[in-house]
>>> print(open('structure-v3.txt').read())   # compact mmCIF, C-alpha atoms
# COMPACT_ATOMS: atom_id res chain seq x y z
CA MET A 1 199.44 186.37 -4.12
CA SER A 2 199.09 188.63 -1.09
CA LEU A 3 197.93 187.08 2.18
CA ASN A 4 196.11 188.79 5.03
CA VAL A 5 197.03 188.26 8.70
CA PHE A 6 194.41 185.55 9.24
CA GLN A 7 195.59 183.60 6.19
CA ILE A 8 199.20 183.78 7.35
CA ILE A 9 198.35 182.52 10.86
CA ALA A 10 195.96 179.82 9.59
CA LEU A 11 198.46 178.67 7.00
CA GLY A 12 201.19 178.45 9.62
CA VAL A 13 199.00 176.36 11.94
CA LEU A 14 197.85 174.03 9.12
CA LEU A 15 201.40 173.53 7.83
CA ALA A 16 202.57 172.74 11.36
CA LEU A 17 199.76 170.20 11.77
CA PHE A 18 200.56 168.65 8.39
CA ALA A 19 204.27 168.41 9.27
CA THR A 20 203.39 166.84 12.65
CA THR A 21 201.16 164.29 10.92
CA ILE A 22 203.91 163.31 8.46
CA PHE A 23 206.43 163.11 11.33
CA GLY A 24 203.96 160.98 13.35
CA ALA A 25 203.41 158.62 10.41
CA VAL A 26 207.17 158.22 9.85
CA ARG A 27 207.71 157.55 13.58
CA HIS A 28 204.66 155.19 13.67
CA TRP A 29 202.83 157.26 16.28
CA LEU A 30 199.95 157.35 13.80
CA GLY A 31 198.50 154.53 11.73
CA ARG A 32 198.60 154.82 7.94
CA GLY A 33 194.83 155.36 7.68
CA GLU A 34 194.83 158.02 10.37
CA ALA A 35 197.77 159.82 8.78
CA ILE A 36 196.12 159.84 5.32
CA LEU A 37 192.80 161.08 6.73
CA ALA A 38 194.45 163.81 8.79
CA SER A 39 196.67 164.88 5.85
CA MET A 40 193.62 165.20 3.61
CA VAL A 41 191.96 167.47 6.17
CA TRP A 42 195.04 169.69 6.52
CA ILE A 43 195.53 169.92 2.71
CA ALA A 44 191.85 170.81 2.25
CA GLY A 45 192.30 173.49 4.91
CA ILE A 46 195.38 174.90 3.19
CA VAL A 47 193.54 175.05 -0.15
CA ALA A 48 190.57 176.77 1.51
CA VAL A 49 192.83 179.36 3.17
CA LEU A 50 194.89 180.10 0.03
CA TRP A 51 191.96 180.10 -2.44
CA PRO A 52 188.78 180.98 -0.52
CA GLU A 53 186.80 181.19 -3.76
CA ALA A 54 187.56 177.51 -4.36
CA THR A 55 185.34 176.50 -1.42
CA THR A 56 182.54 178.71 -2.77
CA ASN A 57 182.82 177.13 -6.22
CA LEU A 58 182.86 173.66 -4.72
CA ALA A 59 179.91 174.51 -2.45
CA ARG A 60 177.86 175.68 -5.43
CA ALA A 61 178.83 172.57 -7.38
CA VAL A 62 177.33 170.36 -4.63
CA GLY A 63 174.25 172.54 -4.13
CA ILE A 64 175.31 174.60 -1.11
CA ARG A 65 175.27 178.36 -1.58
CA ARG A 66 178.18 179.48 0.57
CA GLY A 67 181.72 178.14 0.93
CA ALA A 68 181.58 178.90 4.67
CA ASP A 69 178.60 176.53 5.02
CA LEU A 70 180.47 173.80 3.17
CA LEU A 71 183.42 174.22 5.54
CA LEU A 72 181.08 174.09 8.53
CA TYR A 73 179.44 170.86 7.31
CA CYS A 74 182.76 169.24 6.49
CA GLY A 75 184.19 170.38 9.82
CA SER A 76 181.24 168.82 11.67
CA VAL A 77 181.68 165.50 9.87
CA VAL A 78 185.43 165.45 10.52
CA ALA A 79 184.84 166.29 14.20
CA MET A 80 182.31 163.45 14.53
CA VAL A 81 184.63 160.95 12.85
CA GLY A 82 187.47 162.14 15.10
CA PHE A 83 185.29 161.76 18.18
CA LEU A 84 184.27 158.24 17.15
CA MET A 85 187.85 157.17 16.48
CA THR A 86 188.98 158.60 19.80
CA TYR A 87 186.15 156.81 21.60
CA ILE A 88 187.01 153.48 19.98
CA ARG A 89 190.67 153.95 20.86
CA LEU A 90 189.72 154.83 24.44
CA ARG A 91 187.65 151.64 24.74
CA ARG A 92 190.59 149.55 23.52
CA LEU A 93 192.86 151.31 25.99
CA ARG A 94 190.42 150.62 28.84
CA ARG A 95 190.27 146.98 27.81
CA ASP A 96 194.07 146.73 27.83
CA VAL A 97 194.21 148.36 31.27
CA THR A 98 191.67 145.84 32.58
CA LEU A 99 193.63 142.88 31.15
CA LEU A 100 196.84 144.22 32.66
CA THR A 101 195.11 144.78 36.01
CA ARG A 102 193.71 141.22 35.89
CA ASN A 103 197.10 139.68 35.16
CA MET A 104 198.68 141.61 38.02
CA ALA A 105 195.91 140.62 40.44
CA ILE A 106 196.21 136.93 39.53
CA ARG A 107 200.02 137.00 39.64
CA ASP A 108 200.02 138.62 43.10
CA ALA A 109 197.15 136.56 44.56
CA HIS A 110 197.26 136.11 48.32
CA ILE A 111 196.72 132.44 49.05
CA SER A 112 195.72 131.10 52.43
CA GLU A 113 194.79 127.45 52.23
CA PRO A 114 194.65 124.74 54.84
CA THR A 115 197.50 122.24 54.57
CA ALA A 116 197.20 118.54 55.34
CA SER A 117 198.08 119.24 58.99
CA GLY A 118 195.34 121.81 59.24
CA ASP A 119 197.78 124.73 59.47
CA VAL A 120 197.23 127.77 57.34
CA HIS A 121 199.93 128.48 54.79
CA THR A 122 200.18 132.02 53.52
CA ASP A 123 202.02 133.19 50.43
CA MET B 124 182.04 117.61 46.58
CA ALA B 125 182.65 121.20 47.73
CA GLU B 126 186.38 121.02 46.94
CA GLY B 127 185.99 121.85 43.26
CA VAL B 128 183.56 124.69 43.90
CA PHE B 129 185.12 128.15 43.75
CA VAL B 130 182.99 130.98 45.10
CA VAL B 131 184.00 134.31 43.54
CA ILE B 132 183.14 137.44 45.53
CA PRO B 133 183.88 140.79 43.84
CA ALA B 134 184.28 143.52 46.45
CA TYR B 135 184.68 147.27 46.36
CA ASN B 136 185.00 149.19 49.63
CA GLU B 137 183.46 146.33 51.61
CA SER B 138 185.86 146.27 54.57
CA ALA B 139 182.91 146.43 56.98
CA CYS B 140 181.48 143.03 56.06
CA ILE B 141 183.76 141.17 53.62
CA ALA B 142 185.56 139.12 56.31
CA GLN B 143 182.29 137.84 57.76
CA VAL B 144 180.74 137.10 54.33
CA ALA B 145 183.87 135.26 53.17
CA ARG B 146 184.12 133.32 56.43
CA GLU B 147 180.47 132.20 56.24
CA VAL B 148 180.93 130.97 52.68
CA ARG B 149 184.21 129.25 53.52
CA GLU B 150 182.56 127.21 56.27
CA ALA B 151 180.69 125.38 53.50
CA TYR B 152 183.01 125.86 50.50
CA PRO B 153 186.78 125.82 51.04
CA ASN B 154 187.65 127.83 47.94
CA VAL B 155 186.53 131.42 48.42
CA VAL B 156 188.03 133.95 46.02
CA VAL B 157 187.63 137.61 46.99
CA VAL B 158 188.57 140.09 44.27
CA ASP B 159 189.15 143.53 45.76
CA ASP B 160 188.46 145.92 42.91
CA GLY B 161 190.93 148.64 43.86
CA SER B 162 189.10 149.65 47.03
CA SER B 163 190.14 152.83 48.81
CA ASP B 164 189.55 151.18 52.19
CA ASN B 165 191.26 148.04 53.55
CA THR B 166 188.92 145.51 51.90
CA ALA B 167 191.79 143.27 50.77
CA GLU B 168 193.34 143.10 54.24
CA ALA B 169 189.94 142.44 55.84
CA ALA B 170 189.17 139.71 53.30
CA LYS B 171 192.31 137.77 54.27
CA ALA B 172 190.62 136.97 57.58
CA GLY B 173 187.95 134.95 55.79
CA ALA B 174 188.81 134.16 52.16
CA THR B 175 191.02 131.41 50.80
CA TYR B 176 192.30 133.60 47.98
CA VAL B 177 192.46 137.38 47.92
CA LEU B 178 193.17 139.10 44.63
CA ARG B 179 193.51 142.84 44.37
CA HIS B 180 193.07 145.02 41.32
CA PRO B 181 195.68 147.78 41.69
CA ILE B 182 193.10 150.22 40.29
CA ASN B 183 189.31 150.14 40.20
CA ARG B 184 188.00 148.48 37.01
CA GLY B 185 184.38 147.72 37.89
CA GLN B 186 182.37 144.74 39.08
CA GLY B 187 182.34 143.02 35.68
CA ALA B 188 186.13 143.16 35.48
CA ALA B 189 186.47 141.86 39.06
CA LEU B 190 184.10 138.96 38.35
CA GLN B 191 186.05 137.94 35.25
CA THR B 192 189.31 138.13 37.22
CA GLY B 193 187.85 135.79 39.83
CA ILE B 194 186.44 133.40 37.22
CA THR B 195 189.75 133.28 35.32
CA PHE B 196 191.63 132.63 38.57
CA ALA B 197 189.19 129.90 39.65
CA LEU B 198 189.58 128.13 36.30
CA GLN B 199 193.36 128.34 36.58
CA ARG B 200 193.12 126.69 40.02
CA GLY B 201 191.14 123.80 38.55
CA ALA B 202 187.58 124.71 39.55
CA SER B 203 184.88 122.21 38.62
CA HIS B 204 182.15 124.76 39.38
CA VAL B 205 182.28 128.55 39.73
CA VAL B 206 179.76 130.46 41.83
CA THR B 207 179.44 134.26 41.89
CA PHE B 208 178.33 135.78 45.19
CA ASP B 209 177.82 139.39 46.31
CA ALA B 210 180.06 140.91 48.98
CA ASP B 211 177.42 142.96 50.79
CA GLY B 212 175.88 140.05 52.69
CA GLN B 213 172.56 139.97 50.83
CA HIS B 214 172.96 136.38 49.60
CA ARG B 215 172.52 133.21 51.69
CA VAL B 216 175.22 130.53 51.67
CA GLU B 217 172.59 127.77 51.68
CA ASP B 218 171.30 128.97 48.30
CA ILE B 219 174.62 127.96 46.69
CA ALA B 220 173.75 124.28 47.17
CA ALA B 221 170.40 124.85 45.46
CA LEU B 222 172.16 126.45 42.49
CA LEU B 223 174.71 123.64 42.24
CA ALA B 224 172.11 120.85 42.42
CA PRO B 225 170.87 121.03 38.77
CA LEU B 226 174.47 121.43 37.57
CA ARG B 227 175.61 118.31 39.41
CA ALA B 228 172.55 116.42 38.21
CA GLY B 229 173.50 117.30 34.63
CA GLU B 230 170.23 119.15 34.07
CA ALA B 231 171.91 122.47 33.29
CA GLU B 232 175.33 124.07 32.85
CA ILE B 233 174.36 127.44 34.29
CA ALA B 234 172.09 128.23 37.25
CA LEU B 235 170.90 131.80 37.78
CA GLY B 236 169.47 132.89 41.11
CA SER B 237 166.04 134.54 41.06
CA ARG B 238 164.71 136.64 43.91
CA PHE B 239 161.34 136.81 42.18
CA LEU B 240 160.96 133.03 42.16
CA GLY B 241 162.29 132.99 45.70
CA ASP B 242 162.09 135.73 48.25
CA ALA B 243 163.24 139.32 48.47
CA VAL B 244 163.16 140.36 52.10
CA ASP B 245 162.52 144.09 52.69
CA MET B 246 162.93 145.01 49.03
CA PRO B 247 161.92 148.66 48.49
CA ALA B 248 159.20 149.27 45.87
CA ALA B 249 161.49 151.50 43.78
CA ARG B 250 164.11 148.74 43.62
CA ARG B 251 161.45 146.22 42.56
CA ARG B 252 160.34 148.51 39.72
CA VAL B 253 163.91 148.98 38.46
CA LEU B 254 164.55 145.22 38.55
CA LYS B 255 161.29 144.48 36.74
CA LEU B 256 162.30 146.94 34.03
CA ALA B 257 165.64 145.13 33.79
CA VAL B 258 163.73 141.86 33.29
CA LEU B 259 161.71 143.46 30.50
CA PHE B 260 164.92 144.82 28.95
CA THR B 261 166.43 141.32 29.05
CA ARG B 262 163.40 139.84 27.31
CA VAL B 263 163.35 142.47 24.56
CA VAL B 264 167.07 143.06 23.96
CA ASN B 265 168.76 139.84 25.10
CA ARG B 266 165.80 137.69 23.99
CA VAL B 267 166.07 135.60 27.13
CA GLU B 268 163.08 134.77 29.33
CA LEU B 269 164.20 135.30 32.91
CA THR B 270 162.37 136.39 36.04
CA ASP B 271 165.42 138.14 37.53
CA ALA B 272 168.01 139.66 35.25
CA HIS B 273 170.53 141.20 37.64
CA ASN B 274 171.01 138.72 40.44
CA GLY B 275 174.65 138.36 41.48
CA LEU B 276 174.15 134.79 42.71
CA ARG B 277 174.96 132.43 39.84
CA ALA B 278 176.64 129.07 39.33
CA PHE B 279 178.49 127.70 36.32
CA THR B 280 180.00 124.36 35.46
CA ARG B 281 183.63 124.56 34.38
CA ARG B 282 182.58 124.15 30.74
CA ALA B 283 180.18 127.11 31.03
CA ALA B 284 182.65 129.29 32.94
CA GLU B 285 185.22 128.72 30.21
CA ARG B 286 182.79 130.20 27.69
CA ILE B 287 182.19 133.33 29.74
CA ASP B 288 184.30 136.35 28.81
CA ILE B 289 183.03 139.50 30.46
CA THR B 290 184.26 142.52 28.52
CA LEU B 291 181.93 145.16 29.98
CA ASP B 292 183.88 146.13 33.05
CA ARG B 293 181.19 147.92 34.98
CA MET B 294 177.64 147.02 35.99
CA ALA B 295 176.42 146.35 32.43
CA HIS B 296 178.24 143.01 32.67
CA ALA B 297 175.05 141.35 33.96
CA SER B 298 173.30 141.89 30.62
CA GLU B 299 176.43 140.89 28.71
CA LEU B 300 176.62 137.70 30.73
CA ILE B 301 173.03 136.81 29.86
CA ASP B 302 173.88 137.44 26.20
CA GLN B 303 176.80 135.04 26.45
CA VAL B 304 174.67 132.43 28.21
CA ARG B 305 172.18 132.57 25.33
CA ARG B 306 174.88 132.47 22.65
CA SER B 307 176.73 129.60 24.32
CA GLY B 308 173.74 127.37 23.67
CA LEU B 309 174.33 125.74 27.06
CA ALA B 310 171.34 124.73 29.18
CA TYR B 311 170.50 127.20 31.92
CA THR B 312 167.95 127.30 34.68
CA GLU B 313 166.62 129.74 37.24
CA ILE B 314 166.64 128.79 40.89
CA PRO B 315 164.66 130.52 43.64
CA VAL B 316 166.97 132.31 46.08
CA GLN B 317 166.49 134.72 48.92
CA ILE B 318 167.90 138.23 48.92
CA ARG B 319 168.08 140.07 52.23
CA TYR B 320 167.92 143.81 51.79
CA THR B 321 169.58 145.72 54.59
CA GLU B 322 170.39 149.38 55.03
CA TYR B 323 173.98 148.52 54.13
CA SER B 324 173.19 146.56 50.94
CA LEU B 325 170.69 149.19 49.79
CA ALA B 326 173.29 151.91 50.20
CA LYS B 327 175.63 149.88 47.95
CA GLY B 328 172.95 149.02 45.39
CA GLN B 329 171.95 150.66 42.13
CA THR B 330 169.78 153.77 41.89
CA SER B 331 167.35 154.41 39.00
CA ARG B 332 169.91 156.80 37.49
CA GLY B 333 172.54 154.08 37.82
CA ALA B 334 170.22 151.71 35.97
CA PHE B 335 169.95 154.19 33.10
CA ARG B 336 173.76 154.40 32.95
CA ILE B 337 173.96 150.60 32.86
CA VAL B 338 171.62 150.49 29.84
CA LEU B 339 173.71 153.15 28.09
CA HIS B 340 176.98 151.29 28.78
CA TYR B 341 175.44 148.04 27.56
CA ILE B 342 174.23 149.57 24.29
CA LEU B 343 177.59 151.31 23.67
CA GLY B 344 179.37 148.07 24.52
CA ARG B 345 177.33 146.14 21.98
CA VAL B 346 177.75 148.75 19.25
CA PHE B 347 181.52 149.07 19.65
CA GLN B 348 182.32 145.47 20.55
>>> encode(input="structure-v3.txt", output="structure tokens")
Amino acid sequence: MSLNVFQIIALGVLLALFATTIFGAVRHWLGRGEAILASMVWIAGIVAVLWPEATTNLARAVGIRRGADLLLYCGSVVAMVGFLMTYIRLRRLRRDVTLLTRNMAIRDAHISEPTASGDVHTD
Amino acid sequence: MAEGVFVVIPAYNESACIAQVAREVREAYPNVVVVDDGSSDNTAEAAKAGATYVLRHPINRGQGAALQTGITFALQRGASHVVTFDADGQHRVEDIAALLAPLRAGEAEIALGSRFLGDAVDMPAARRRVLKLAVLFTRVVNRVELTDAHNGLRAFTRRAAERIDITLDRMAHASELIDQVRRSGLAYTEIPVQIRYTEYSLAKGQTSRGAFRIVLHYILGRVFQ
């Protein structure tokens, strides 16, 4: 099998991403579901780069004429799912930041209340 | 009677008036909690001249987050009633007693101030339109019949405050709060209050574009809750 320049570069990038995903899963930077989903995307990419005709055959099998269109559709779906997951994670992160901020504000509250003698005590 | 009442005032860049607002409230209610929401001016320092308790968010998290911080703190300090009050001087201290009256009489657990039942002094027409749209939004989306949906003057019994958990940090918290009031099943009532619009409070208030952003944040908050 002879590979052109684009295939060599694309394959290198996809293999690096796949390796990073596996490394991330082992180190628990990524959840199991995320790692499986990402791995499936990278493997599909590797297959598409090594056997371009496979995407065309698959596209025809599902009623799309060109393999490039199938890749575009799949890429759009993956991008949307990725965006959604990132957004959900960002919301959780914001929530955690707010809870942390709240705890700090309550812990460090400045209190100035009148004592029995009428003096003001300040913490 | 006023000892158990905690008045929570969220403040962001309000150094110009927070001391006076807090002082006025404290003359009637000894427990005034100012929550400085990460202001870039010296709001927290200014608030110490008037408030009983000054809490400071190290970073800005939004009015909803500041309110919940104040409510949580008030409950931890043993509040029997929690009142929320705006920092820009547009609310009247005497209206707090009117809000607390039905709560103390056992007629309701939550009292919401209404400028449309009461009086809105010098309210611009554009602001009135935005607020009326907010009322319509509340009726359709929250399924709650109110005359004023986004009034910052509210009062809760301890039991009601314990059921409030504001998760929408920014201005959409007002709609979320109404949602929680409805879901709590606790009795609520609207009380006429007066809002005084000044150049200062109008400059701090919401624009029509801001109102659109609030709706968007509320919808996203509900979808991804």
>>> atom_distance(input="structure-v3.txt", atom1="atom CA of Ile64 of chain A", atom2="atom CA of Ile46 of chain A")
20.5 Å
>>> residues_around(input="structure-v3.txt", residues="segment 89-102 of chain A", least_positions_apart="5", cutoff="7 Å", atoms="only C-alpha atoms", output="list of chain:residue names")
B:His180, B:Pro181, B:Arg184, B:Ala188, B:Thr192
>>> interface_residues(input="structure-v3.txt", of="chain A", to="chain B", cutoff="7 Å", atoms="all atoms listed in the file", output="CSV table (one decimal) with C-alpha atoms, in the coordinates of the input")
chain,number,residue,atom,x,y,z
A,98,THR,CA,191.7,145.8,32.6
A,101,THR,CA,195.1,144.8,36.0
A,102,ARG,CA,193.7,141.2,35.9
A,105,ALA,CA,195.9,140.6,40.4
A,106,ILE,CA,196.2,136.9,39.5
A,109,ALA,CA,197.2,136.6,44.6
A,110,HIS,CA,197.3,136.1,48.3
A,111,ILE,CA,196.7,132.4,49.0
A,112,SER,CA,195.7,131.1,52.4
A,113,GLU,CA,194.8,127.4,52.2
>>> residues_around(input="structure-v3.txt", residues="His273 of chain B", least_positions_apart="6", cutoff="12 Å", atoms="all atoms listed in the file", output="VMD selection string")
chain B and resid 209 235 to 239 250 to 251 253 to 261 294 to 301 318 328 to 329 334 337
>>> atom_distance(input="structure-v3.txt", atom1="atom CA of Val130 of chain B", atom2="atom CA of Ala151 of chain B")
10.4 Å
>>> residues_around(input="structure-v3.txt", residues="Val267 of chain B", least_positions_apart="3", cutoff="9 Å", atoms="all atoms listed in the file", output="VMD selection string")
chain B and resid 261 to 264 301 to 302 305
>>> atom_distance(input="structure-v3.txt", atom1="atom CA of Phe129 of chain B", atom2="atom CA of Glu150 of chain B")
12.8 Å
>>> closest_residue(input="structure-v3.txt", among="B:Ser203, B:Gln213, B:Ser162, B:Asn265", to="Ile342 of chain B", atoms="only C-alpha atoms")
B:Asn265
>>> closest_residue(input="structure-v3.txt", among="B:Asp245, B:Glu137, B:Asp218, B:Glu126", to="Arg319 of chain B", atoms="only C-alpha atoms")
B:Asp245
>>> closest_residue(input="structure-v3.txt", among="B:Tyr341, B:Tyr320, B:Tyr135, B:Phe208", to="Ile289 of chain B", atoms="only C-alpha atoms")
B:Tyr341
>>> decode(input="structure-v3.txt", residues="segment 18-78 of chain A", atoms="C-alpha atoms", output="PDB file, in the first residue's frame")
ATOM      1  CA  PHE A  18      -5.696   8.124  19.315  1.00  0.00           C
ATOM      2  CA  ALA A  19      -2.570   7.623  21.455  1.00  0.00           C
ATOM      3  CA  THR A  20      -3.402  10.770  23.462  1.00  0.00           C
ATOM      4  CA  THR A  21      -6.939   9.504  24.037  1.00  0.00           C
ATOM      5  CA  ILE A  22      -5.704   6.122  25.298  1.00  0.00           C
ATOM      6  CA  PHE A  23      -3.123   7.866  27.511  1.00  0.00           C
ATOM      7  CA  GLY A  24      -5.847  10.219  28.835  1.00  0.00           C
ATOM      8  CA  ALA A  25      -8.149   7.292  29.616  1.00  0.00           C
ATOM      9  CA  VAL A  26      -5.377   5.414  31.450  1.00  0.00           C
ATOM     10  CA  ARG A  27      -4.497   8.554  33.446  1.00  0.00           C
ATOM     11  CA  HIS A  28      -8.221   9.281  34.087  1.00  0.00           C
ATOM     12  CA  TRP A  29      -8.108  12.672  32.380  1.00  0.00           C
ATOM     13  CA  LEU A  30     -10.960  11.393  30.222  1.00  0.00           C
ATOM     14  CA  GLY A  31     -14.067   9.493  31.268  1.00  0.00           C
ATOM     15  CA  ARG A  32     -14.640   6.017  29.852  1.00  0.00           C
ATOM     16  CA  GLY A  33     -17.519   7.163  27.628  1.00  0.00           C
ATOM     17  CA  GLU A  34     -15.565  10.102  26.272  1.00  0.00           C
ATOM     18  CA  ALA A  35     -12.528   7.929  25.572  1.00  0.00           C
ATOM     19  CA  ILE A  36     -14.614   5.316  23.710  1.00  0.00           C
ATOM     20  CA  LEU A  37     -16.409   7.965  21.646  1.00  0.00           C
ATOM     21  CA  ALA A  38     -13.183   9.775  20.760  1.00  0.00           C
ATOM     22  CA  SER A  39     -11.410   6.477  19.919  1.00  0.00           C
ATOM     23  CA  MET A  40     -14.240   5.512  17.562  1.00  0.00           C
ATOM     24  CA  VAL A  41     -13.881   8.839  15.752  1.00  0.00           C
ATOM     25  CA  TRP A  42     -10.103   8.475  15.385  1.00  0.00           C
ATOM     26  CA  ILE A  43     -10.380   4.836  14.186  1.00  0.00           C
ATOM     27  CA  ALA A  44     -13.057   5.824  11.653  1.00  0.00           C
ATOM     28  CA  GLY A  45     -10.720   8.594  10.469  1.00  0.00           C
ATOM     29  CA  ILE A  46      -7.806   6.178  10.118  1.00  0.00           C
ATOM     30  CA  VAL A  47      -9.955   3.756   8.092  1.00  0.00           C
ATOM     31  CA  ALA A  48     -11.156   6.613   5.866  1.00  0.00           C
ATOM     32  CA  VAL A  49      -7.586   7.802   5.247  1.00  0.00           C
ATOM     33  CA  LEU A  50      -6.156   4.325   4.534  1.00  0.00           C
ATOM     34  CA  TRP A  51      -9.099   3.051   2.441  1.00  0.00           C
ATOM     35  CA  PRO A  52     -10.860   6.071   0.897  1.00  0.00           C
ATOM     36  CA  GLU A  53     -13.068   3.800  -1.198  1.00  0.00           C
ATOM     37  CA  ALA A  54     -14.491   2.348   2.021  1.00  0.00           C
ATOM     38  CA  THR A  55     -16.235   5.663   2.813  1.00  0.00           C
ATOM     39  CA  THR A  56     -17.679   5.756  -0.718  1.00  0.00           C
ATOM     40  CA  ASN A  57     -18.996   2.205  -0.379  1.00  0.00           C
ATOM     41  CA  LEU A  58     -20.465   2.983   3.018  1.00  0.00           C
ATOM     42  CA  ALA A  59     -21.975   6.237   1.721  1.00  0.00           C
ATOM     43  CA  ARG A  60     -23.684   4.390  -1.130  1.00  0.00           C
ATOM     44  CA  ALA A  61     -24.920   1.729   1.275  1.00  0.00           C
ATOM     45  CA  VAL A  62     -26.735   4.405   3.334  1.00  0.00           C
ATOM     46  CA  GLY A  63     -28.038   6.294   0.302  1.00  0.00           C
ATOM     47  CA  ILE A  64     -25.447   9.071   0.029  1.00  0.00           C
ATOM     48  CA  ARG A  65     -23.617   9.295  -3.285  1.00  0.00           C
ATOM     49  CA  ARG A  66     -20.170  10.466  -2.227  1.00  0.00           C
ATOM     50  CA  GLY A  67     -17.870   9.358   0.588  1.00  0.00           C
ATOM     51  CA  ALA A  68     -16.802  12.985   1.096  1.00  0.00           C
ATOM     52  CA  ASP A  69     -20.423  13.928   1.857  1.00  0.00           C
ATOM     53  CA  LEU A  70     -20.694  11.106   4.372  1.00  0.00           C
ATOM     54  CA  LEU A  71     -17.545  12.354   6.102  1.00  0.00           C
ATOM     55  CA  LEU A  72     -18.914  15.896   6.132  1.00  0.00           C
ATOM     56  CA  TYR A  73     -22.213  14.784   7.699  1.00  0.00           C
ATOM     57  CA  CYS A  74     -20.488  12.600  10.266  1.00  0.00           C
ATOM     58  CA  GLY A  75     -18.007  15.376  11.026  1.00  0.00           C
ATOM     59  CA  SER A  76     -20.871  17.832  11.609  1.00  0.00           C
ATOM     60  CA  VAL A  77     -22.626  15.453  13.998  1.00  0.00           C
ATOM     61  CA  VAL A  78     -19.414  14.760  15.921  1.00  0.00           C
TER      62      VAL A  78
END
